[in-house]
Amino acid sequence: MTVLMLDSKEIERLKLNAEWNPIYSEEVINDINEGKEVFIPGDSDGCTMFSNDYKIVYTHEQQKQCICRHLSISSTKHNRTPLPEVVNFVCKEFGFINEVPYEFPEGAVWFEKIKDSKNSAVNVLEPIDGDFLKLAKESK
């Protein structure tokens with residue numbers, strides 16, 4: 001078993017970047033629908049770090065109801081998906097409040113196929129204060 005080591009300075013750098021540069025989900029959706037080029041966090045050094053065999057992408061996203069932290073973790077090894085223990089550990093290191101996936105409602109954790117690869121990323125979305133009831137509320 002490989003020990004996952006995360007650089008606390010890199011984590012703080014990503015967290016500060018996310019706080020200062022939130023992504024506005026509605027704007028991204030509108031840009032995609034209009035055929036405009038959109039910012040891809042996984043292609044940005046400001047949102048991405050590598051540790052052992054993992055690529056970690058961290059952002060803050062303005063959803064309709066609240067600002068959420070969004071973490072995407074993928075393996076850099078061929079045909080791999082991060083284990084739940086790895087996802088939970090990384091989430092805790094980034095300040096997630098709830099335990100992944102056990103305390104997360106449906107739709108807050110999902111898999112994403114990595115383009116041109118057999119790998120998948122695990123995505124985790126949590127309101128900044130950890131209150132998932134905010135995501136269930138309709139925006140007015």
# chains A, B, ... in the order shown; residues from 1 in each chain; ligands from 1

$ residues_around --residues "Leu4 in chain A" --least-positions-apart "3" --cutoff "10 Å" --atoms "only C-alpha atoms" --output "list in words"
Met1, Ser51, Asn52, Asp53, Tyr54, Val86, Phe89 and Val90 of chain A

$ write_last_selection --atoms "N, CA and C atoms" --output "short mmCIF file (atom, residue, chain, number, x, y, z; two decimals), in the first residue's frame"
data_model
loop_
_atom_site.label_atom_id
_atom_site.label_comp_id
_atom_site.auth_asym_id
_atom_site.auth_seq_id
_atom_site.Cartn_x
_atom_site.Cartn_y
_atom_site.Cartn_z
N MET A 1 0.84 -1.19 0.00
CA MET A 1 0.00 0.00 0.00
C MET A 1 0.88 1.25 0.00
N SER A 51 -0.04 14.51 -6.27
CA SER A 51 0.55 13.87 -5.10
C SER A 51 0.56 12.37 -5.32
N ASN A 52 1.73 11.78 -5.19
CA ASN A 52 1.90 10.35 -5.48
C ASN A 52 1.32 10.08 -6.86
N ASP A 53 0.33 9.22 -6.93
CA ASP A 53 -0.27 8.85 -8.21
C ASP A 53 -1.62 9.51 -8.43
N TYR A 54 -1.85 10.67 -7.83
CA TYR A 54 -3.16 11.31 -7.91
C TYR A 54 -3.07 12.74 -8.42
N VAL A 86 -9.09 7.02 0.07
CA VAL A 86 -8.25 8.10 -0.46
C VAL A 86 -9.08 9.37 -0.61
N PHE A 89 -9.80 10.89 2.82
CA PHE A 89 -8.59 11.49 3.38
C PHE A 89 -8.30 12.85 2.74
N VAL A 90 -8.34 12.89 1.42
CA VAL A 90 -8.04 14.15 0.71
C VAL A 90 -9.09 15.20 1.05
#

$ atom_distance --atom1 "CA of Phe132 in chain A" --atom2 "CA of Leu6 in chain A"
26.7 Å

$ residues_around --residues "Ile56 in chain A" --least-positions-apart "6" --cutoff "8 Å" --atoms "only C-alpha atoms" --output "mmCIF file with C-alpha atoms, in the first residue's frame"
data_model
loop_
_atom_site.group_PDB
_atom_site.id
_atom_site.type_symbol
_atom_site.label_atom_id
_atom_site.label_comp_id
_atom_site.auth_asym_id
_atom_site.auth_seq_id
_atom_site.Cartn_x
_atom_site.Cartn_y
_atom_site.Cartn_z
ATOM 1 C CA THR A 48 -4.432 21.554 -9.552
ATOM 2 C CA MET A 49 -1.836 19.646 -7.566
ATOM 3 C CA PHE A 50 -0.275 16.210 -7.967
ATOM 4 C CA LEU A 71 -12.859 18.404 -5.207
ATOM 5 C CA SER A 72 -11.995 16.116 -8.104
ATOM 6 C CA ILE A 73 -9.513 13.287 -7.568
ATOM 7 C CA SER A 74 -8.197 11.022 -10.288
#

$ select_by_dssp --residues "chain A" --states "alpha helix (DSSP H)" --output "ChimeraX atom specification"
/A:8-20,25-33,84-93,133-136

$ write_last_selection --atoms "C-alpha atoms" --output "tab-separated table (two decimals), in the first residue's frame"
chain	number	residue	atom	x	y	z
A	8	SER	CA	0.08	21.43	3.27
A	9	LYS	CA	1.45	24.52	1.47
A	10	GLU	CA	0.03	23.25	-1.84
A	11	ILE	CA	-3.33	22.62	-0.18
A	12	GLU	CA	-3.38	26.15	1.24
A	13	ARG	CA	-2.41	27.58	-2.17
A	14	LEU	CA	-5.33	25.78	-3.85
A	15	LYS	CA	-7.76	26.75	-1.09
A	16	LEU	CA	-6.79	30.44	-1.33
A	17	ASN	CA	-7.04	30.39	-5.11
A	18	ALA	CA	-10.50	28.80	-4.88
A	19	GLU	CA	-11.66	31.37	-2.32
A	20	TRP	CA	-10.41	34.32	-4.39
A	25	SER	CA	-21.87	27.58	-12.39
A	26	GLU	CA	-24.70	29.41	-14.17
A	27	GLU	CA	-22.21	31.48	-16.18
A	28	VAL	CA	-20.30	28.34	-17.19
A	29	ILE	CA	-23.51	26.62	-18.30
A	30	ASN	CA	-24.55	29.71	-20.30
A	31	ASP	CA	-21.12	29.92	-21.95
A	32	ILE	CA	-21.25	26.22	-22.89
A	33	ASN	CA	-24.75	26.64	-24.32
A	84	PRO	CA	-13.11	5.78	-1.02
A	85	GLU	CA	-10.47	5.94	1.74
A	86	VAL	CA	-8.25	8.10	-0.46
A	87	VAL	CA	-11.14	10.38	-1.39
A	88	ASN	CA	-12.18	10.79	2.26
A	89	PHE	CA	-8.59	11.49	3.38
A	90	VAL	CA	-8.04	14.15	0.71
A	91	CYS	CA	-11.42	15.75	1.43
A	92	LYS	CA	-10.58	16.02	5.13
A	93	GLU	CA	-7.22	17.61	4.29
A	133	LEU	CA	-29.96	21.11	3.23
A	134	LYS	CA	-28.97	24.26	1.33
A	135	LEU	CA	-28.50	22.25	-1.86
A	136	ALA	CA	-31.98	20.76	-1.49

$ residues_around --residues "range 111-117 of chain A" --least-positions-apart "4" --cutoff "10 Å" --atoms "only C-alpha atoms" --output "list in words"
Ser72, Ile73, Ser74, Ser75, His78, Asn79, Arg80, Thr81, Ala121, Val122, Asn123 and Val124 of chain A

$ closest_residue --among "A:Trp110, A:Asp43, A:Val57, A:Ser120" --to "Pro82 in chain A" --atoms "only C-alpha atoms"
A:Ser120

$ closest_residue --among "A:Leu125, A:Met5, A:Lys118, A:Glu99" --to "Tyr58 in chain A" --atoms "only C-alpha atoms"
A:Leu125

$ select_by_dssp --residues "range 66-116 of chain A" --states "strand (DSSP E)" --output "short mmCIF file (atom, residue, chain, number, x, y, z; two decimals) with N, CA and C atoms, in the first residue's frame"
data_model
loop_
_atom_site.label_atom_id
_atom_site.label_comp_id
_atom_site.auth_asym_id
_atom_site.auth_seq_id
_atom_site.Cartn_x
_atom_site.Cartn_y
_atom_site.Cartn_z
N ILE A 67 -22.43 28.73 -2.05
CA ILE A 67 -21.08 28.43 -2.52
C ILE A 67 -20.67 27.06 -1.98
N CYS A 68 -20.11 26.23 -2.87
CA CYS A 68 -19.69 24.88 -2.49
C CYS A 68 -18.21 24.70 -2.78
N ARG A 69 -17.59 23.82 -2.02
CA ARG A 69 -16.26 23.37 -2.37
C ARG A 69 -16.43 22.16 -3.28
N HIS A 70 -15.57 22.06 -4.30
CA HIS A 70 -15.64 20.96 -5.27
C HIS A 70 -14.23 20.39 -5.39
N LEU A 71 -14.13 19.10 -5.11
CA LEU A 71 -12.86 18.40 -5.21
C LEU A 71 -13.00 17.29 -6.23
N SER A 72 -12.04 17.19 -7.11
CA SER A 72 -11.99 16.12 -8.10
C SER A 72 -10.66 15.40 -7.93
N ILE A 73 -10.72 14.08 -7.77
CA ILE A 73 -9.51 13.29 -7.57
C ILE A 73 -9.48 12.18 -8.62
N SER A 74 -8.36 12.10 -9.31
CA SER A 74 -8.20 11.02 -10.29
C SER A 74 -6.81 10.42 -10.13
N SER A 75 -6.66 9.19 -10.61
CA SER A 75 -5.38 8.51 -10.56
C SER A 75 -4.61 8.81 -11.85
N VAL A 109 -21.67 13.23 -4.70
CA VAL A 109 -20.46 12.49 -5.04
C VAL A 109 -20.75 11.76 -6.36
N TRP A 110 -19.89 11.92 -7.35
CA TRP A 110 -20.12 11.25 -8.62
C TRP A 110 -18.80 10.94 -9.32
N PHE A 111 -18.89 9.99 -10.27
CA PHE A 111 -17.74 9.60 -11.07
C PHE A 111 -17.79 10.33 -12.40
N GLU A 112 -16.61 10.62 -12.91
CA GLU A 112 -16.49 11.31 -14.20
C GLU A 112 -15.43 10.59 -15.02
N LYS A 113 -15.78 10.17 -16.20
CA LYS A 113 -14.84 9.50 -17.10
C LYS A 113 -13.82 10.51 -17.57
#

$ atom_distance --atom1 "CA of Pro105 in chain A" --atom2 "CA of Ser44 in chain A"
28.7 Å

$ closest_residue --among "A:Ile128, A:Val100, A:Val38, A:Leu83" --to "Ile23 in chain A" --atoms "only C-alpha atoms"
A:Val38

$ atom_distance --atom1 "CA of Pro22 in chain A" --atom2 "CA of His60 in chain A"
4.9 Å

$ closest_residue --among "A:Gly130, A:Lys77, A:Glu61, A:Asn119" --to "Gly95 in chain A" --atoms "only C-alpha atoms"
A:Gly130
